[in-house]
Amino acid sequence: TLPAANGGTGITAAGTSGNVLTSDGTSWASTAPAGGGAWTLISVTDASASSTIDITGIDSTYDDYMIVCTNYRASASEIPHMRMKIGGSWRTDLKYKYFQWVVRPQSGGDAFYLYSNGTDDQSTSIKWTEESANSAGQSGQFIHYFFNVNSTTEYKTYQGNHVMYRGALYTGTGGGIYINNTGALTGVRYYQSSGTITVGKFKLYGLQKAT
């Protein structure tokens, strides 16, 4: 800004890193940018013949989180599963309820059909899609959303979209809830029903709180 002697308001301090320069019509100030609506990348985890992939770093910084995975492939064509860390513990009891829709080719033909799978099931984990890809040139991609993770009065839920390519295209969308503990959600674990996660890039994002 111009020196006060030249009609300006003097030098404005830079302030905190990431701040922007704002004006109230009379003077300038260094202020934090307006918040809300932006996804922030928190961490990236790469699978490499991993028996489990644990995504942590979920805390009170954000209320809602997203996990994006690309190029997911397993050592065997088995079912991928997910568990939640709630109230400080990985939950393995029969208290997960989930649903899943899958579109896949009918046997012996090119037609596709839709069915619901796992409605109201209770399990030790959530089966988030059909069998995983396990060959070169075949892989899976998914996005999982986790809502209101810091609440201590509400059960924890997830919603997801997935695509697995395993010689034929399998697509699915699903969601689920853990109904036995209302503690904060601080982690998400991915694993196979058997074998390992050969490769896959897992990116954790937080949704900036509205101000």
# chains A, B, ... in the order shown; residues from 1 in each chain; ligands from 1

$ residues_around --residues "A:Asn134" --least-positions-apart "3" --cutoff "6 Å" --atoms "only C-alpha atoms" --output "list in words"
Arg73, Ala74, Ser75, Ala76 and Ser77 of chain A

$ write_last_selection --atoms "C-alpha atoms" --output "compact mmCIF listing (two decimals), in the first residue's frame"
# COMPACT_ATOMS: atom_id res chain seq x y z
CA ARG A 73 -6.12 -54.41 -7.32
CA ALA A 74 -5.89 -57.44 -5.04
CA SER A 75 -3.91 -60.67 -4.99
CA ALA A 76 -7.10 -62.72 -5.37
CA SER A 77 -10.52 -62.02 -6.80

$ atom_distance --atom1 "atom CA of A:Val188" --atom2 "atom CA of A:Gln122"
18.0 Å

$ closest_residue --among "A:Thr70, A:Thr56, A:Gln159, A:Gln141" --to "A:Tyr98" --atoms "only C-alpha atoms"
A:Gln159

$ residues_around --residues "A:Ala136" --least-positions-apart "3" --cutoff "10 Å" --atoms "only C-alpha atoms" --output "mmCIF file with all heavy atoms, in the first residue's frame"
data_model
loop_
_atom_site.group_PDB
_atom_site.id
_atom_site.type_symbol
_atom_site.label_atom_id
_atom_site.label_comp_id
_atom_site.auth_asym_id
_atom_site.auth_seq_id
_atom_site.Cartn_x
_atom_site.Cartn_y
_atom_site.Cartn_z
ATOM 1 N N ARG A 73 -6.188 -53.034 -6.842
ATOM 2 C CA ARG A 73 -6.116 -54.408 -7.324
ATOM 3 C C ARG A 73 -5.659 -55.299 -6.176
ATOM 4 O O ARG A 73 -4.846 -54.889 -5.349
ATOM 5 C CB ARG A 73 -5.157 -54.526 -8.517
ATOM 6 C CG ARG A 73 -5.243 -55.864 -9.227
ATOM 7 C CD ARG A 73 -4.606 -55.836 -10.617
ATOM 8 N NE ARG A 73 -3.160 -55.784 -10.580
ATOM 9 C CZ ARG A 73 -2.438 -54.760 -11.009
ATOM 10 N NH1 ARG A 73 -3.025 -53.678 -11.500
ATOM 11 N NH2 ARG A 73 -1.131 -54.784 -10.943
ATOM 12 N N ALA A 133 -10.691 -56.797 -8.664
ATOM 13 C CA ALA A 133 -9.830 -57.125 -9.802
ATOM 14 C C ALA A 133 -8.512 -57.691 -9.284
ATOM 15 O O ALA A 133 -8.009 -57.287 -8.238
ATOM 16 C CB ALA A 133 -9.574 -55.873 -10.625
ATOM 17 N N SER A 139 -8.584 -53.173 -12.739
ATOM 18 C CA SER A 139 -8.436 -52.448 -11.478
ATOM 19 C C SER A 139 -9.778 -51.895 -11.057
ATOM 20 O O SER A 139 -10.774 -51.986 -11.779
ATOM 21 C CB SER A 139 -7.408 -51.320 -11.607
ATOM 22 O OG SER A 139 -7.848 -50.347 -12.534
ATOM 23 N N ARG A 166 -13.192 -56.520 -13.827
ATOM 24 C CA ARG A 166 -12.614 -57.852 -13.616
ATOM 25 C C ARG A 166 -13.025 -58.756 -14.775
ATOM 26 O O ARG A 166 -13.742 -59.731 -14.624
ATOM 27 C CB ARG A 166 -13.094 -58.427 -12.285
ATOM 28 C CG ARG A 166 -12.385 -59.713 -11.872
ATOM 29 C CD ARG A 166 -12.825 -60.149 -10.488
ATOM 30 N NE ARG A 166 -14.238 -60.384 -10.420
ATOM 31 C CZ ARG A 166 -14.836 -61.532 -10.767
ATOM 32 N NH1 ARG A 166 -14.107 -62.518 -11.253
ATOM 33 N NH2 ARG A 166 -16.137 -61.673 -10.652
#

$ residues_around --residues "A:Glu78" --least-positions-apart "5" --cutoff "6 Å" --atoms "only C-alpha atoms" --output "short mmCIF file (atom, residue, chain, number, x, y, z; two decimals) with C-alpha atoms, in the first residue's frame"
data_model
loop_
_atom_site.label_atom_id
_atom_site.label_comp_id
_atom_site.auth_asym_id
_atom_site.auth_seq_id
_atom_site.Cartn_x
_atom_site.Cartn_y
_atom_site.Cartn_z
CA GLU A 131 -15.15 -59.24 -6.05
CA SER A 132 -12.00 -57.22 -6.69
CA SER A 193 -11.80 -61.29 2.52
#

$ closest_residue --among "A:Gly160, A:Gly195, A:Gly87, A:Gly200" --to "A:Phe147" --atoms "only C-alpha atoms"
A:Gly160

$ residues_around --residues "A:Lys127" --least-positions-apart "3" --cutoff "9 Å" --atoms "only C-alpha atoms" --output "list of chain:residue names"
A:Ile79, A:Pro80, A:His81, A:Met82, A:Tyr98, A:Phe99, A:Gln100, A:Gly118, A:Ser123, A:Glu130

$ write_last_selection --atoms "C-alpha atoms" --output "compact mmCIF listing (two decimals), in the first residue's frame"
# COMPACT_ATOMS: atom_id res chain seq x y z
CA ILE A 79 -14.53 -59.34 -1.71
CA PRO A 80 -13.16 -56.02 -0.39
CA HIS A 81 -14.25 -55.01 3.11
CA MET A 82 -14.17 -51.91 5.27
CA TYR A 98 -25.27 -51.83 4.85
CA PHE A 99 -26.83 -51.91 1.40
CA GLN A 100 -25.43 -52.35 -2.08
CA GLY A 118 -26.92 -56.99 1.85
CA SER A 123 -21.82 -58.09 9.89
CA GLU A 130 -18.31 -57.24 -5.45

$ residues_around --residues "A:Ile53" --least-positions-apart "6" --cutoff "9 Å" --atoms "only C-alpha atoms" --output "NGL selection string"
:A and (45-47 or 188-191 or 197 or 202)

$ write_last_selection --atoms "all heavy atoms" --output "PDB file, in the first residue's frame"
ATOM      1  N   THR A  45      -1.890 -42.677   0.812  1.00  0.00           N
ATOM      2  CA  THR A  45      -1.356 -43.965   1.241  1.00  0.00           C
ATOM      3  C   THR A  45      -1.342 -44.915   0.057  1.00  0.00           C
ATOM      4  O   THR A  45      -2.361 -45.089  -0.618  1.00  0.00           O
ATOM      5  CB  THR A  45      -2.217 -44.569   2.372  1.00  0.00           C
ATOM      6  OG1 THR A  45      -2.289 -43.645   3.466  1.00  0.00           O
ATOM      7  CG2 THR A  45      -1.624 -45.874   2.868  1.00  0.00           C
ATOM      8  N   ASP A  46      -0.190 -45.535  -0.209  1.00  0.00           N
ATOM      9  CA  ASP A  46      -0.057 -46.479  -1.315  1.00  0.00           C
ATOM     10  C   ASP A  46      -0.027 -47.905  -0.781  1.00  0.00           C
ATOM     11  O   ASP A  46       0.763 -48.228   0.119  1.00  0.00           O
ATOM     12  CB  ASP A  46       1.229 -46.199  -2.096  1.00  0.00           C
ATOM     13  CG  ASP A  46       1.133 -44.918  -2.902  1.00  0.00           C
ATOM     14  OD1 ASP A  46       0.249 -44.835  -3.764  1.00  0.00           O
ATOM     15  OD2 ASP A  46       1.938 -43.998  -2.656  1.00  0.00           O
ATOM     16  N   ALA A  47      -0.879 -48.757  -1.328  1.00  0.00           N
ATOM     17  CA  ALA A  47      -0.867 -50.173  -0.974  1.00  0.00           C
ATOM     18  C   ALA A  47       0.254 -50.874  -1.719  1.00  0.00           C
ATOM     19  O   ALA A  47       0.566 -50.536  -2.866  1.00  0.00           O
ATOM     20  CB  ALA A  47      -2.200 -50.816  -1.311  1.00  0.00           C
ATOM     21  N   VAL A 188     -10.461 -45.482   9.123  1.00  0.00           N
ATOM     22  CA  VAL A 188     -11.153 -46.400   8.225  1.00  0.00           C
ATOM     23  C   VAL A 188     -10.142 -47.445   7.765  1.00  0.00           C
ATOM     24  O   VAL A 188      -9.027 -47.096   7.356  1.00  0.00           O
ATOM     25  CB  VAL A 188     -11.749 -45.669   7.002  1.00  0.00           C
ATOM     26  CG1 VAL A 188     -12.433 -46.654   6.069  1.00  0.00           C
ATOM     27  CG2 VAL A 188     -12.720 -44.583   7.442  1.00  0.00           C
ATOM     28  N   ARG A 189     -10.526 -48.718   7.850  1.00  0.00           N
ATOM     29  CA  ARG A 189      -9.631 -49.819   7.472  1.00  0.00           C
ATOM     30  C   ARG A 189     -10.195 -50.547   6.257  1.00  0.00           C
ATOM     31  O   ARG A 189     -11.365 -50.928   6.228  1.00  0.00           O
ATOM     32  CB  ARG A 189      -9.471 -50.797   8.630  1.00  0.00           C
ATOM     33  CG  ARG A 189      -8.747 -52.093   8.288  1.00  0.00           C
ATOM     34  CD  ARG A 189      -8.469 -52.916   9.535  1.00  0.00           C
ATOM     35  NE  ARG A 189      -7.422 -52.274  10.340  1.00  0.00           N
ATOM     36  CZ  ARG A 189      -7.077 -52.699  11.562  1.00  0.00           C
ATOM     37  NH1 ARG A 189      -7.711 -53.724  12.124  1.00  0.00           N
ATOM     38  NH2 ARG A 189      -6.115 -52.075  12.215  1.00  0.00           N
ATOM     39  N   TYR A 190      -9.340 -50.790   5.259  1.00  0.00           N
ATOM     40  CA  TYR A 190      -9.703 -51.558   4.070  1.00  0.00           C
ATOM     41  C   TYR A 190      -8.897 -52.854   4.056  1.00  0.00           C
ATOM     42  O   TYR A 190      -7.709 -52.860   4.377  1.00  0.00           O
ATOM     43  CB  TYR A 190      -9.416 -50.763   2.797  1.00  0.00           C
ATOM     44  CG  TYR A 190     -10.268 -49.527   2.659  1.00  0.00           C
ATOM     45  CD1 TYR A 190      -9.783 -48.270   3.030  1.00  0.00           C
ATOM     46  CD2 TYR A 190     -11.568 -49.607   2.169  1.00  0.00           C
ATOM     47  CE1 TYR A 190     -10.578 -47.131   2.914  1.00  0.00           C
ATOM     48  CE2 TYR A 190     -12.365 -48.473   2.051  1.00  0.00           C
ATOM     49  CZ  TYR A 190     -11.859 -47.245   2.427  1.00  0.00           C
ATOM     50  OH  TYR A 190     -12.645 -46.127   2.317  1.00  0.00           O
ATOM     51  N   TYR A 191      -9.561 -53.964   3.656  1.00  0.00           N
ATOM     52  CA  TYR A 191      -8.878 -55.245   3.557  1.00  0.00           C
ATOM     53  C   TYR A 191      -9.690 -56.176   2.665  1.00  0.00           C
ATOM     54  O   TYR A 191     -10.850 -55.895   2.338  1.00  0.00           O
ATOM     55  CB  TYR A 191      -8.667 -55.859   4.941  1.00  0.00           C
ATOM     56  CG  TYR A 191      -9.941 -56.271   5.652  1.00  0.00           C
ATOM     57  CD1 TYR A 191     -10.353 -57.598   5.651  1.00  0.00           C
ATOM     58  CD2 TYR A 191     -10.726 -55.347   6.333  1.00  0.00           C
ATOM     59  CE1 TYR A 191     -11.522 -57.990   6.301  1.00  0.00           C
ATOM     60  CE2 TYR A 191     -11.888 -55.716   6.987  1.00  0.00           C
ATOM     61  CZ  TYR A 191     -12.282 -57.050   6.965  1.00  0.00           C
ATOM     62  OH  TYR A 191     -13.435 -57.417   7.604  1.00  0.00           O
ATOM     63  N   ILE A 197      -4.123 -56.476  -0.604  1.00  0.00           N
ATOM     64  CA  ILE A 197      -4.335 -55.396  -1.563  1.00  0.00           C
ATOM     65  C   ILE A 197      -2.998 -55.188  -2.274  1.00  0.00           C
ATOM     66  O   ILE A 197      -2.035 -54.695  -1.679  1.00  0.00           O
ATOM     67  CB  ILE A 197      -4.808 -54.109  -0.873  1.00  0.00           C
ATOM     68  CG1 ILE A 197      -6.077 -54.376  -0.066  1.00  0.00           C
ATOM     69  CG2 ILE A 197      -5.045 -53.001  -1.902  1.00  0.00           C
ATOM     70  CD1 ILE A 197      -6.517 -53.206   0.795  1.00  0.00           C
ATOM     71  N   PHE A 202      -4.684 -44.451  -2.012  1.00  0.00           N
ATOM     72  CA  PHE A 202      -5.772 -44.003  -1.160  1.00  0.00           C
ATOM     73  C   PHE A 202      -5.504 -42.549  -0.738  1.00  0.00           C
ATOM     74  O   PHE A 202      -4.497 -42.267  -0.083  1.00  0.00           O
ATOM     75  CB  PHE A 202      -5.878 -44.871   0.090  1.00  0.00           C
ATOM     76  CG  PHE A 202      -6.211 -46.312  -0.185  1.00  0.00           C
ATOM     77  CD1 PHE A 202      -5.237 -47.192  -0.662  1.00  0.00           C
ATOM     78  CD2 PHE A 202      -7.489 -46.796   0.042  1.00  0.00           C
ATOM     79  CE1 PHE A 202      -5.540 -48.527  -0.907  1.00  0.00           C
ATOM     80  CE2 PHE A 202      -7.804 -48.131  -0.193  1.00  0.00           C
ATOM     81  CZ  PHE A 202      -6.828 -48.992  -0.676  1.00  0.00           C
TER      82      PHE A 202
END

$ closest_residue --among "A:Ser51, A:Tyr155, A:Gly140, A:Gly175" --to "A:Asp121" --atoms "only C-alpha atoms"
A:Gly175

$ atom_distance --atom1 "atom CA of A:Ala38" --atom2 "atom CA of A:Gly176"
24.7 Å

$ closest_residue --among "A:Ser125, A:Thr31, A:Thr198, A:Asn71" --to "A:Lys95" --atoms "only C-alpha atoms"
A:Ser125

$ closest_residue --among "A:Ser151, A:Tyr158, A:Ile143, A:Met84" --to "A:Thr124" --atoms "only C-alpha atoms"
A:Met84

$ residues_around --residues "A:Trp39" --least-positions-apart "4" --cutoff "10 Å" --atoms "only C-alpha atoms" --output "list in words"
Tyr62, Asp64, Tyr65, Met66, Leu204, Tyr205, Gly206, Leu207, Gln208 and Lys209 of chain A

$ select_by_dssp --residues "stretch 125-208 of chain A" --states "strand (DSSP E)" --output "ChimeraX atom specification"
/A:126-127,140-146,156-165,169-178,185-192,197-207

$ closest_residue --among "A:Ile179, A:Leu41, A:Ser30, A:Ile126" --to "A:Ile58" --atoms "only C-alpha atoms"
A:Leu41

$ atom_distance --atom1 "atom CA of A:Gly172" --atom2 "atom CA of A:Ala184"
27.4 Å

$ decode --residues "stretch 58-111 of chain A" --atoms "C-alpha atoms" --output "compact mmCIF listing (two decimals), in the first residue's frame"
# COMPACT_ATOMS: atom_id res chain seq x y z
CA ILE A 58 -9.58 -38.14 10.72
CA ASP A 59 -10.21 -35.69 13.56
CA SER A 60 -12.13 -32.59 14.58
CA THR A 61 -10.44 -30.41 11.96
CA TYR A 62 -13.31 -31.27 9.60
CA ASP A 63 -16.81 -32.67 10.07
CA ASP A 64 -16.96 -34.62 6.79
CA TYR A 65 -14.29 -36.65 5.03
CA MET A 66 -13.79 -38.35 1.67
CA ILE A 67 -11.51 -41.23 0.66
CA VAL A 68 -10.69 -41.59 -3.04
CA CYS A 69 -8.93 -44.74 -4.23
CA THR A 70 -7.56 -45.34 -7.72
CA ASN A 71 -6.02 -48.42 -9.36
CA TYR A 72 -7.17 -50.82 -6.65
CA ARG A 73 -6.12 -54.41 -7.32
CA ALA A 74 -5.89 -57.44 -5.04
CA SER A 75 -3.91 -60.67 -4.99
CA ALA A 76 -7.10 -62.72 -5.37
CA SER A 77 -10.52 -62.02 -6.80
CA GLU A 78 -12.17 -61.79 -3.39
CA ILE A 79 -14.53 -59.34 -1.71
CA PRO A 80 -13.16 -56.02 -0.39
CA HIS A 81 -14.25 -55.01 3.11
CA MET A 82 -14.17 -51.91 5.27
CA ARG A 83 -14.21 -51.33 9.04
CA MET A 84 -14.51 -48.14 11.08
CA LYS A 85 -12.48 -46.94 14.06
CA ILE A 86 -15.08 -45.49 16.43
CA GLY A 87 -14.54 -44.36 20.01
CA GLY A 88 -10.85 -45.25 19.72
CA SER A 89 -11.31 -48.91 18.65
CA TRP A 90 -11.55 -50.79 15.36
CA ARG A 91 -15.12 -52.14 15.45
CA THR A 92 -15.36 -55.86 14.62
CA ASP A 93 -18.67 -56.86 16.21
CA LEU A 94 -21.91 -57.71 14.40
CA LYS A 95 -23.21 -54.14 14.26
CA TYR A 96 -22.67 -52.98 10.70
CA LYS A 97 -25.77 -52.54 8.53
CA TYR A 98 -25.27 -51.83 4.85
CA PHE A 99 -26.83 -51.91 1.40
CA GLN A 100 -25.43 -52.35 -2.08
CA TRP A 101 -26.68 -52.13 -5.64
CA VAL A 102 -24.73 -53.82 -8.40
CA VAL A 103 -25.01 -53.72 -12.19
CA ARG A 104 -23.29 -56.60 -13.98
CA PRO A 105 -23.64 -58.70 -17.14
CA GLN A 106 -26.00 -61.63 -17.08
CA SER A 107 -24.52 -65.07 -17.53
CA GLY A 108 -24.22 -65.90 -21.22
CA GLY A 109 -25.37 -62.52 -22.51
CA ASP A 110 -24.65 -58.82 -22.79
CA ALA A 111 -27.76 -57.64 -20.94
